[in-house]
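Okay, structure first, notes after.
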Amino acid sequence: MIYDDRTGFSLISSVSQAADFLFAYHKEYGSPAWSDAMNCCSDIKLGTSTPEQVSAAFIAAVTGAGIRIDPTLRLY
């Protein structure tokens, strides 16, 4: 579960949902970490990235943007 004043609450429970969130809000947050996370999500389809790498990149992107993550829940 993630939360931001601009996006509200979002439950991210898969790589696909992480990718959807990142691509939907890339104009609002567009940092290098955000771009890296989007690329990592795309790379999973090519087999050059793992779900663990996507998770780490996603967490770095959203926390860097000031989006809070509920630490009691595990992301996918």
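By order of appearance in the structure tokens: chains A, B, ..., then residues from 1 within every chain, and ligands from 1 in the order shown.
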
With only C-alpha atoms as the counted atoms, please give the residues lying no more than 10 Å from segment 6-18 of chain A, apart from itself and same-chain residues fewer than 6 positions off, as a list in words.
Ala24, Tyr25, Glu28, Ala37, Met38, Cys40, Cys41, Ser42, Ile44, Thr50, Pro51, Glu52, Val54, Ser55, Phe58, Ile59, Ile67, Arg68, Ile69, Asp70, Leu73, Arg74, Leu75 and Tyr76 of chain A

Those residues with C-alpha atoms, as a JSON list (two decimals), in the first residue's frame please?
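New file out-v1.json:
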[["chain", "number", "residue", "atom", "x", "y", "z"],
["A", 24, "ALA", "CA", 0.51, 6.73, -15.15],
["A", 25, "TYR", "CA", 2.35, 9.25, -12.97],
["A", 28, "GLU", "CA", 4.11, 14.29, -12.20],
["A", 37, "ALA", "CA", 12.04, 2.02, -12.31],
["A", 38, "MET", "CA", 9.98, 2.30, -15.51],
["A", 40, "CYS", "CA", 13.27, -1.96, -14.97],
["A", 41, "CYS", "CA", 9.56, -2.80, -15.39],
["A", 42, "SER", "CA", 9.98, -2.87, -19.16],
["A", 44, "ILE", "CA", 11.21, -7.74, -17.01],
["A", 50, "THR", "CA", 13.80, -9.69, -11.95],
["A", 51, "PRO", "CA", 10.77, -8.97, -9.73],
["A", 52, "GLU", "CA", 13.19, -8.22, -6.90],
["A", 54, "VAL", "CA", 11.63, -4.07, -9.98],
["A", 55, "SER", "CA", 10.61, -3.95, -6.33],
["A", 58, "PHE", "CA", 9.93, 0.95, -7.48],
["A", 59, "ILE", "CA", 10.59, 1.59, -3.80],
["A", 67, "ILE", "CA", 5.25, 8.81, -1.58],
["A", 68, "ARG", "CA", 4.80, 6.85, 1.61],
["A", 69, "ILE", "CA", 4.89, 3.06, 1.71],
["A", 70, "ASP", "CA", 3.14, 1.10, 4.44],
["A", 73, "LEU", "CA", 2.84, -4.74, 3.90],
["A", 74, "ARG", "CA", 5.18, -6.52, 1.54],
["A", 75, "LEU", "CA", 5.21, -5.29, -2.05],
["A", 76, "TYR", "CA", 4.58, -8.24, -4.37]]

Among chain A, which ones does DSSP place in helix (DSSP H, G or I), written as a PyMOL selection string?
chain A and resi 15-24+26-29+32-46+51-64

Gap from atom CA of Val62 of chain A to atom CA of Asn39 of chain A - Å, one decimal
14.4 Å

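Counting only C-alpha atoms, Pro32 of chain A has the following residues at most 12 Å away, ignoring those fewer than 2 positions along the same chain: His26, Lys27, Tyr29, Gly30, Trp34, Ser35, Asp36, Ala37, Met38, Asn39, Ala57, Phe58, Ala60, Ala61, Val62, Gly64 and Ala65 of chain A.
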
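Taking the backbone of this structure through DSSP, the residues of chain A that come out as strand (DSSP E) are Ile2, Tyr3, Asp4, Gly8, Phe9, Ser10, Arg68 and Ile69 of chain A.
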
Could you please take those selected residues and save all heavy atoms as a PDB file, in the first residue's frame?
ATOM      1  N   ILE A   2       0.644   2.130  -0.929  1.00  0.00           N
ATOM      2  CA  ILE A   2       1.379   3.388  -0.977  1.00  0.00           C
ATOM      3  C   ILE A   2       0.374   4.531  -0.898  1.00  0.00           C
ATOM      4  O   ILE A   2      -0.806   4.361  -1.219  1.00  0.00           O
ATOM      5  CB  ILE A   2       2.258   3.504  -2.239  1.00  0.00           C
ATOM      6  CG1 ILE A   2       1.418   3.435  -3.516  1.00  0.00           C
ATOM      7  CG2 ILE A   2       3.335   2.426  -2.247  1.00  0.00           C
ATOM      8  CD1 ILE A   2       2.209   3.675  -4.788  1.00  0.00           C
ATOM      9  N   TYR A   3       0.854   5.694  -0.452  1.00  0.00           N
ATOM     10  CA  TYR A   3      -0.018   6.849  -0.320  1.00  0.00           C
ATOM     11  C   TYR A   3       0.727   8.134  -0.642  1.00  0.00           C
ATOM     12  O   TYR A   3       1.860   8.346  -0.208  1.00  0.00           O
ATOM     13  CB  TYR A   3      -0.588   6.975   1.096  1.00  0.00           C
ATOM     14  CG  TYR A   3      -1.404   8.227   1.249  1.00  0.00           C
ATOM     15  CD1 TYR A   3      -2.692   8.291   0.738  1.00  0.00           C
ATOM     16  CD2 TYR A   3      -0.878   9.368   1.834  1.00  0.00           C
ATOM     17  CE1 TYR A   3      -3.436   9.459   0.827  1.00  0.00           C
ATOM     18  CE2 TYR A   3      -1.616  10.528   1.930  1.00  0.00           C
ATOM     19  CZ  TYR A   3      -2.893  10.572   1.426  1.00  0.00           C
ATOM     20  OH  TYR A   3      -3.624  11.720   1.497  1.00  0.00           O
ATOM     21  N   ASP A   4       0.051   8.989  -1.385  1.00  0.00           N
ATOM     22  CA  ASP A   4       0.540  10.331  -1.679  1.00  0.00           C
ATOM     23  C   ASP A   4      -0.680  11.247  -1.757  1.00  0.00           C
ATOM     24  O   ASP A   4      -1.757  10.815  -2.201  1.00  0.00           O
ATOM     25  CB  ASP A   4       1.297  10.338  -3.007  1.00  0.00           C
ATOM     26  CG  ASP A   4       1.861  11.708  -3.346  1.00  0.00           C
ATOM     27  OD1 ASP A   4       2.743  12.180  -2.609  1.00  0.00           O
ATOM     28  OD2 ASP A   4       1.411  12.297  -4.332  1.00  0.00           O
ATOM     29  N   GLY A   8      -3.428   9.617  -3.900  1.00  0.00           N
ATOM     30  CA  GLY A   8      -4.262   8.867  -2.971  1.00  0.00           C
ATOM     31  C   GLY A   8      -3.610   7.533  -2.627  1.00  0.00           C
ATOM     32  O   GLY A   8      -2.403   7.361  -2.740  1.00  0.00           O
ATOM     33  N   PHE A   9      -4.433   6.574  -2.219  1.00  0.00           N
ATOM     34  CA  PHE A   9      -3.951   5.249  -1.858  1.00  0.00           C
ATOM     35  C   PHE A   9      -3.908   4.360  -3.090  1.00  0.00           C
ATOM     36  O   PHE A   9      -4.801   4.399  -3.932  1.00  0.00           O
ATOM     37  CB  PHE A   9      -4.881   4.588  -0.833  1.00  0.00           C
ATOM     38  CG  PHE A   9      -4.789   5.199   0.535  1.00  0.00           C
ATOM     39  CD1 PHE A   9      -5.704   6.150   0.943  1.00  0.00           C
ATOM     40  CD2 PHE A   9      -3.790   4.817   1.417  1.00  0.00           C
ATOM     41  CE1 PHE A   9      -5.627   6.724   2.200  1.00  0.00           C
ATOM     42  CE2 PHE A   9      -3.704   5.377   2.670  1.00  0.00           C
ATOM     43  CZ  PHE A   9      -4.626   6.332   3.069  1.00  0.00           C
ATOM     44  N   SER A  10      -2.874   3.544  -3.175  1.00  0.00           N
ATOM     45  CA  SER A  10      -2.754   2.557  -4.248  1.00  0.00           C
ATOM     46  C   SER A  10      -2.187   1.277  -3.662  1.00  0.00           C
ATOM     47  O   SER A  10      -1.206   1.306  -2.924  1.00  0.00           O
ATOM     48  CB  SER A  10      -1.817   3.042  -5.353  1.00  0.00           C
ATOM     49  OG  SER A  10      -2.303   4.206  -5.960  1.00  0.00           O
ATOM     50  N   ARG A  68       4.591   7.725   0.450  1.00  0.00           N
ATOM     51  CA  ARG A  68       4.795   6.854   1.612  1.00  0.00           C
ATOM     52  C   ARG A  68       4.408   5.418   1.284  1.00  0.00           C
ATOM     53  O   ARG A  68       3.444   5.176   0.569  1.00  0.00           O
ATOM     54  CB  ARG A  68       3.978   7.366   2.783  1.00  0.00           C
ATOM     55  CG  ARG A  68       4.492   8.700   3.286  1.00  0.00           C
ATOM     56  CD  ARG A  68       3.639   9.191   4.410  1.00  0.00           C
ATOM     57  NE  ARG A  68       2.302   9.493   3.900  1.00  0.00           N
ATOM     58  CZ  ARG A  68       1.703  10.651   4.062  1.00  0.00           C
ATOM     59  NH1 ARG A  68       2.283  11.606   4.717  1.00  0.00           N
ATOM     60  NH2 ARG A  68       0.499  10.851   3.561  1.00  0.00           N
ATOM     61  N   ILE A  69       5.161   4.485   1.850  1.00  0.00           N
ATOM     62  CA  ILE A  69       4.891   3.058   1.712  1.00  0.00           C
ATOM     63  C   ILE A  69       4.564   2.520   3.089  1.00  0.00           C
ATOM     64  O   ILE A  69       5.272   2.794   4.057  1.00  0.00           O
ATOM     65  CB  ILE A  69       6.112   2.304   1.144  1.00  0.00           C
ATOM     66  CG1 ILE A  69       6.432   2.794  -0.272  1.00  0.00           C
ATOM     67  CG2 ILE A  69       5.862   0.808   1.139  1.00  0.00           C
ATOM     68  CD1 ILE A  69       7.675   2.179  -0.866  1.00  0.00           C
TER      69      ILE A  69
END

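Atom pair atom CA of Asp43 of chain A / atom CA of Gly66 of chain A: separated by 24.8 Å.
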